[in-house]
>>> print(open('data-v4.txt').read())   # compact mmCIF, C-alpha atoms
# COMPACT_ATOMS: atom_id res chain seq x y z
CA LYS A 1108 0.00 0.00 0.00
CA ARG A 1109 2.76 2.49 0.89
CA PHE A 1110 4.48 1.65 -2.41
CA VAL A 1111 1.45 3.11 -4.23
CA ASP A 1112 0.68 5.83 -1.68
CA HIS A 1113 4.15 7.31 -2.11
CA LYS A 1114 3.79 7.12 -5.93
CA LEU A 1115 6.77 4.79 -6.21
CA ASP A 1116 4.82 2.84 -8.82
CA ASN A 1117 5.41 5.83 -11.13
CA ILE A 1118 9.15 5.13 -10.96
CA PHE A 1119 9.44 1.37 -10.44
CA SER A 1120 7.45 -1.27 -12.26
CA SER A 1121 7.09 -3.38 -9.10
CA TYR A 1122 8.11 -3.63 -5.47
CA ASP A 1123 10.72 -6.21 -6.51
CA GLN A 1124 12.34 -3.71 -8.85
CA LEU A 1125 12.45 -1.15 -6.02
CA ALA A 1126 14.19 -3.73 -3.81
CA GLU A 1127 16.72 -4.62 -6.52
CA GLU A 1128 17.54 -0.99 -7.28
CA SER A 1129 17.96 -0.37 -3.54
CA GLN A 1130 20.43 -3.24 -3.37
CA ARG A 1131 22.38 -1.88 -6.34
CA SER A 1132 22.52 1.54 -4.68
CA GLN A 1133 23.77 -0.13 -1.50
CA PHE A 1134 26.54 -1.89 -3.41
CA ASN A 1135 27.60 1.29 -5.22
CA ALA A 1136 28.13 2.94 -1.83
CA LEU A 1137 29.95 -0.10 -0.41
CA LYS A 1138 32.14 -0.36 -3.52
CA TYR A 1139 33.11 3.31 -3.29
CA GLU A 1140 33.94 3.03 0.43
CA ILE A 1141 36.06 -0.12 0.09
CA GLU A 1142 37.93 1.26 -2.91
CA LYS A 1143 38.62 4.48 -1.01
CA ILE A 1144 39.95 2.49 1.94
CA ARG A 1145 42.12 0.34 -0.33
CA MET A 1146 43.55 3.52 -1.88
CA THR A 1147 44.76 4.58 1.57
CA SER A 1148 47.87 2.55 2.36
CA GLN A 1149 47.85 3.66 6.02
CA ILE A 1150 44.67 1.63 6.55
CA GLN A 1151 45.41 -2.09 6.70
CA GLY A 1152 41.96 -3.54 7.36
CA TYR A 1153 38.24 -2.90 7.67
CA VAL A 1154 35.01 -4.52 8.82
CA ILE A 1155 31.80 -4.64 6.78
CA THR A 1156 28.60 -4.12 8.75
CA GLU A 1157 26.65 -6.31 8.36
CA PHE A 1158 26.51 -9.92 7.19
CA THR A 1159 22.71 -10.07 6.73
CA ASP A 1160 19.78 -7.66 6.75
CA ILE A 1161 17.77 -7.56 9.95
CA ASN A 1162 14.37 -5.88 10.11
CA TRP A 1163 14.83 -2.21 9.13
CA GLU A 1164 18.62 -2.54 8.73
CA SER A 1165 19.04 -3.42 5.06
CA ASN A 1166 22.77 -2.97 4.60
CA GLY A 1167 23.67 -6.65 4.89
CA LEU A 1168 25.70 -8.55 2.31
CA LEU A 1169 22.84 -11.07 2.29
CA ASP A 1170 19.14 -10.48 2.80
CA MET A 1171 17.32 -11.47 5.98
CA TRP A 1172 16.79 -15.00 4.71
CA ARG A 1173 20.49 -15.30 3.77
CA ASN A 1174 19.83 -15.14 0.06
CA PHE A 1175 22.34 -13.54 -2.28
CA LYS A 1176 21.60 -9.98 -3.31
CA VAL A 1177 21.62 -8.78 -6.92
CA TYR A 1178 25.26 -7.65 -6.67
CA SER A 1179 26.68 -10.94 -5.42
CA ILE A 1180 28.48 -11.59 -8.72
CA ASP A 1181 30.33 -8.25 -8.42
CA LEU A 1182 31.21 -8.43 -4.73
CA PRO A 1183 34.40 -10.52 -5.24
CA PHE A 1184 35.84 -7.71 -7.39
CA ILE A 1185 36.40 -5.59 -4.28
CA GLN A 1186 36.88 -8.36 -1.70
CA GLN A 1187 40.25 -9.92 -2.54
CA GLN A 1188 43.95 -9.30 -2.07
CA ASN A 1189 44.41 -7.54 -5.39
CA ILE A 1190 41.82 -5.08 -6.63
CA ILE A 1191 41.64 -2.61 -9.48
CA ILE A 1192 40.43 0.83 -8.41
CA PRO A 1193 39.19 3.00 -11.30
CA ARG A 1194 38.58 6.61 -10.24
CA PRO A 1195 36.91 8.78 -12.90
CA VAL A 1196 37.73 12.48 -12.67
CA LYS A 1197 33.96 12.97 -12.86
CA TYR A 1198 30.95 10.71 -13.37
CA ASN A 1199 28.69 12.79 -15.65
CA TYR A 1200 29.59 13.52 -19.28
CA TRP A 1201 28.12 14.95 -22.44
CA SER A 1202 27.81 12.78 -25.53
CA GLY A 1203 31.21 12.38 -27.24
CA GLU A 1204 33.11 14.06 -24.39
CA GLU A 1205 36.58 12.87 -23.42
CA VAL A 1206 36.80 10.74 -20.27
CA GLU A 1207 39.72 10.63 -17.85
CA ILE A 1208 39.97 7.81 -15.33
CA ASP A 1209 42.77 7.50 -12.76
CA ILE A 1210 43.76 3.87 -12.19
CA TYR A 1211 45.05 2.42 -8.92
CA ILE A 1212 45.85 -1.19 -8.02
CA SER A 1213 45.92 -2.37 -4.41
CA HIS A 1214 48.33 -5.33 -4.31
CA TYR A 1215 48.51 -7.56 -1.22
CA ARG A 1216 49.12 -10.94 -2.80
CA ASP A 1217 52.28 -12.85 -1.78
CA LYS A 1218 53.31 -13.39 -5.39
CA VAL A 1219 55.45 -10.71 -7.02
CA LEU A 1220 53.56 -9.27 -9.97
CA SER A 1221 55.38 -7.93 -13.02
CA ASP A 1222 54.94 -7.68 -16.78
CA LEU A 1223 51.18 -7.20 -16.48
CA LYS A 1224 48.43 -6.01 -18.78
CA LEU A 1225 45.32 -4.09 -17.78
CA GLU A 1226 42.61 -4.49 -20.40
CA TRP A 1227 39.60 -2.16 -20.48
CA LYS A 1228 36.44 -2.19 -22.56
CA LEU A 1229 33.34 -0.05 -22.92
CA ASP A 1230 31.95 -1.71 -26.04
CA GLU A 1231 33.16 -3.48 -29.18
CA ASN A 1232 34.51 -0.23 -30.67
CA ILE A 1233 35.95 1.41 -27.55
CA SER A 1234 38.58 -0.66 -25.72
CA GLY A 1235 42.30 -0.87 -25.08
CA ALA A 1236 45.06 -2.06 -22.77
CA LEU A 1237 47.70 -0.58 -20.49
CA LYS A 1238 51.04 -2.27 -19.80
CA ILE A 1239 52.26 -2.42 -16.21
CA SER A 1240 55.90 -3.31 -15.57
CA GLU A 1241 55.60 -4.14 -11.85
CA LEU A 1242 53.39 -3.70 -8.79
CA LYS A 1243 54.79 -2.82 -5.37
CA ASN A 1244 53.59 -5.37 -2.82
CA ALA A 1245 51.49 -4.41 0.24
CA ASP A 1246 50.84 -0.99 -1.23
CA VAL A 1247 48.67 1.06 -3.53
CA ASN A 1248 50.10 1.45 -7.03
CA LYS A 1249 49.10 4.46 -9.15
CA ILE A 1250 48.90 3.47 -12.81
CA GLU A 1251 48.81 5.91 -15.69
CA SER A 1252 45.47 7.63 -16.30
CA LEU A 1253 43.15 6.32 -18.98
CA THR A 1254 41.61 8.74 -21.50
CA PHE A 1255 39.15 8.05 -24.31
CA SER A 1256 36.15 9.65 -26.00
CA LEU A 1257 32.64 8.51 -25.21
CA PRO A 1258 30.28 7.45 -28.00
CA GLU A 1259 27.70 9.84 -29.40
CA VAL A 1260 24.28 9.16 -27.85
CA ASN A 1261 20.82 10.39 -28.81
CA GLU A 1262 19.42 9.92 -25.33
CA SER A 1263 20.94 9.81 -21.87
CA GLU A 1264 22.29 6.46 -20.70
CA LYS A 1265 24.59 4.77 -18.19
CA VAL A 1266 27.71 3.08 -19.58
CA ARG A 1267 30.02 0.58 -17.92
CA ILE A 1268 33.78 0.25 -18.43
CA ASP A 1269 35.10 -3.19 -17.49
CA PHE A 1270 38.71 -3.68 -16.36
CA THR A 1271 40.71 -6.93 -16.29
CA LEU A 1272 44.23 -7.28 -14.89
CA MET A 1273 46.19 -10.20 -16.38
CA ASP A 1274 49.66 -11.62 -15.81
CA ASN A 1275 52.19 -12.46 -18.54
CA GLU A 1276 50.65 -15.91 -18.96
CA GLY A 1277 47.18 -14.50 -19.64
CA ASP A 1278 45.70 -15.51 -16.29
CA THR A 1279 43.22 -13.12 -14.69
CA ILE A 1280 44.41 -11.51 -11.44
CA ALA A 1281 41.60 -9.04 -10.79
CA LYS A 1282 38.50 -7.50 -12.32
CA ASN A 1283 36.46 -4.39 -11.65
CA TYR A 1284 34.34 -1.82 -13.42
CA SER A 1285 33.29 1.81 -13.40
CA GLU A 1286 29.95 3.28 -14.44
CA LEU A 1287 29.45 6.71 -16.00
CA PHE A 1288 26.41 8.71 -17.05
CA VAL A 1289 26.37 10.07 -20.60
CA PHE A 1290 23.89 12.78 -21.54
CA GLU A 1291 22.82 13.88 -24.97
CA LYS A 1292 24.23 17.25 -25.98
CA ARG A 1293 22.15 20.29 -25.22
CA PHE A 1294 20.47 21.86 -28.22
CA THR A 1295 21.68 25.44 -28.57
CA GLN A 1296 19.54 27.87 -30.48
CA THR A 1297 20.58 31.41 -31.36
CA GLN A 1298 18.06 34.05 -32.34
CA ASP A 1299 18.17 37.84 -32.57
CA ILE A 1300 15.82 39.63 -30.20
CA THR A 1301 14.83 43.28 -30.47
CA VAL A 1302 13.80 45.04 -27.26
CA VAL A 1303 12.26 48.51 -27.19
CA ASP A 1304 13.43 50.27 -24.02
CA PRO A 1305 13.10 54.07 -24.32
CA ASN A 1306 13.88 54.61 -20.63
CA LYS A 1307 16.99 52.39 -20.78
CA ASN A 1308 15.84 50.21 -17.91
CA LEU A 1309 17.32 47.11 -19.51
CA GLU A 1310 20.92 48.21 -19.84
CA GLN A 1311 22.00 45.75 -17.15
CA LEU A 1312 20.14 42.96 -18.92
CA SER A 1313 21.95 43.84 -22.13
CA LYS A 1314 25.33 43.63 -20.40
CA GLU A 1315 24.50 40.25 -18.90
CA LEU A 1316 23.40 38.88 -22.27
CA GLU A 1317 26.63 40.12 -23.84
CA ASN A 1318 28.52 38.19 -21.16
CA ASN A 1319 26.63 35.01 -22.16
CA TYR A 1320 24.73 34.83 -18.90
CA ARG A 1321 21.81 32.44 -18.97
CA LEU A 1322 18.63 33.97 -17.52
>>> encode(input="data-v4.txt", output="structure tokens")
Amino acid sequence: KRFVDHKLDNIFSSYDQLAEESQRSQFNALKYEIEKIRMTSQIQGYVITEFTDINWESNGLLDMWRNFKVYSIDLPFIQQQNIIIPRPVKYNYWSGEEVEIDIYISHYRDKVLSDLKLEWKLDENISGALKISELKNADVNKIESLTFSLPEVNESEKVRIDFTLMDNEGDTIAKNYSELFVFEKRFTQTQDITVVDPNKNLEQLSKELENNYRL
């Protein structure tokens, strides 16, 4: 009843969809927090609260009945000894705009890692790879920044860039992803406007328009 009373049915097709989107939002926050912790080498551990949901507390890794949540397949990306940490300079872009993503790798595996390749992919036409000579153990390694141009879109959408770190034998060491929002370009229209102002009350307006102020 409250689902309808609060007009949530105008946004979500069902209560189940509301629950799933809530879980995805929860994971986005958890992912950001863990990645931020793993970027800080002075912090050597953390505790996730909590293991399961309980009544009104819905921040568990599992639901109240110990079922997996919708993000269970992505959780291992940020819960292992080596993780890729993509940090976009910003998360909202115009269609076709250039993206810049700073890349960090938190390496706590016993094995020395060298001669690595970090593959990234947005779609079939936008992908690439970065070579990494070596990773310092028990530390956060800053990799070179990634830059590329987003595709042209006719309507706003969310895009996902997948990252895969591989050793020199082609074995996967770590995976992660970053999501960005791409908006269609604003339509700009120019038109001459004639204003009759015998008392010159609009001089300030004229100056602001000349300075490209948007009113």
>>> atom_distance(input="data-v4.txt", atom1="CA of Arg1267 in chain A", atom2="CA of Asp1222 in chain A")
26.3 Å
>>> residues_near_point(input="data-v4.txt", point="(43.5, 12.1, -17.4)", cutoff="9 Å", atoms="only C-alpha atoms", output="list in words")
Pro1195, Val1196, Val1206, Glu1207, Ile1208, Asp1209, Glu1251, Ser1252, Leu1253 and Thr1254 of chain A
>>> atom_distance(input="data-v4.txt", atom1="CA of Met1171 in chain A", atom2="CA of Glu1157 in chain A")
10.9 Å
>>> atom_distance(input="data-v4.txt", atom1="CA of Asp1269 in chain A", atom2="CA of Lys1282 in chain A")
7.5 Å
>>> closest_residue(input="data-v4.txt", among="A:Arg1109, A:Arg1293, A:Lys1249, A:Lys1143", to="Ile1185 in chain A", atoms="all atoms listed in the file")
A:Lys1143
>>> closest_residue(input="data-v4.txt", among="A:Leu1168, A:Leu1182, A:Ile1212, A:Ile1150", to="Val1247 in chain A", atoms="all atoms listed in the file")
A:Ile1212
>>> closest_residue(input="data-v4.txt", among="A:Glu1226, A:Glu1127, A:Glu1140, A:Asp1217", to="Leu1272 in chain A", atoms="all atoms listed in the file")
A:Glu1226
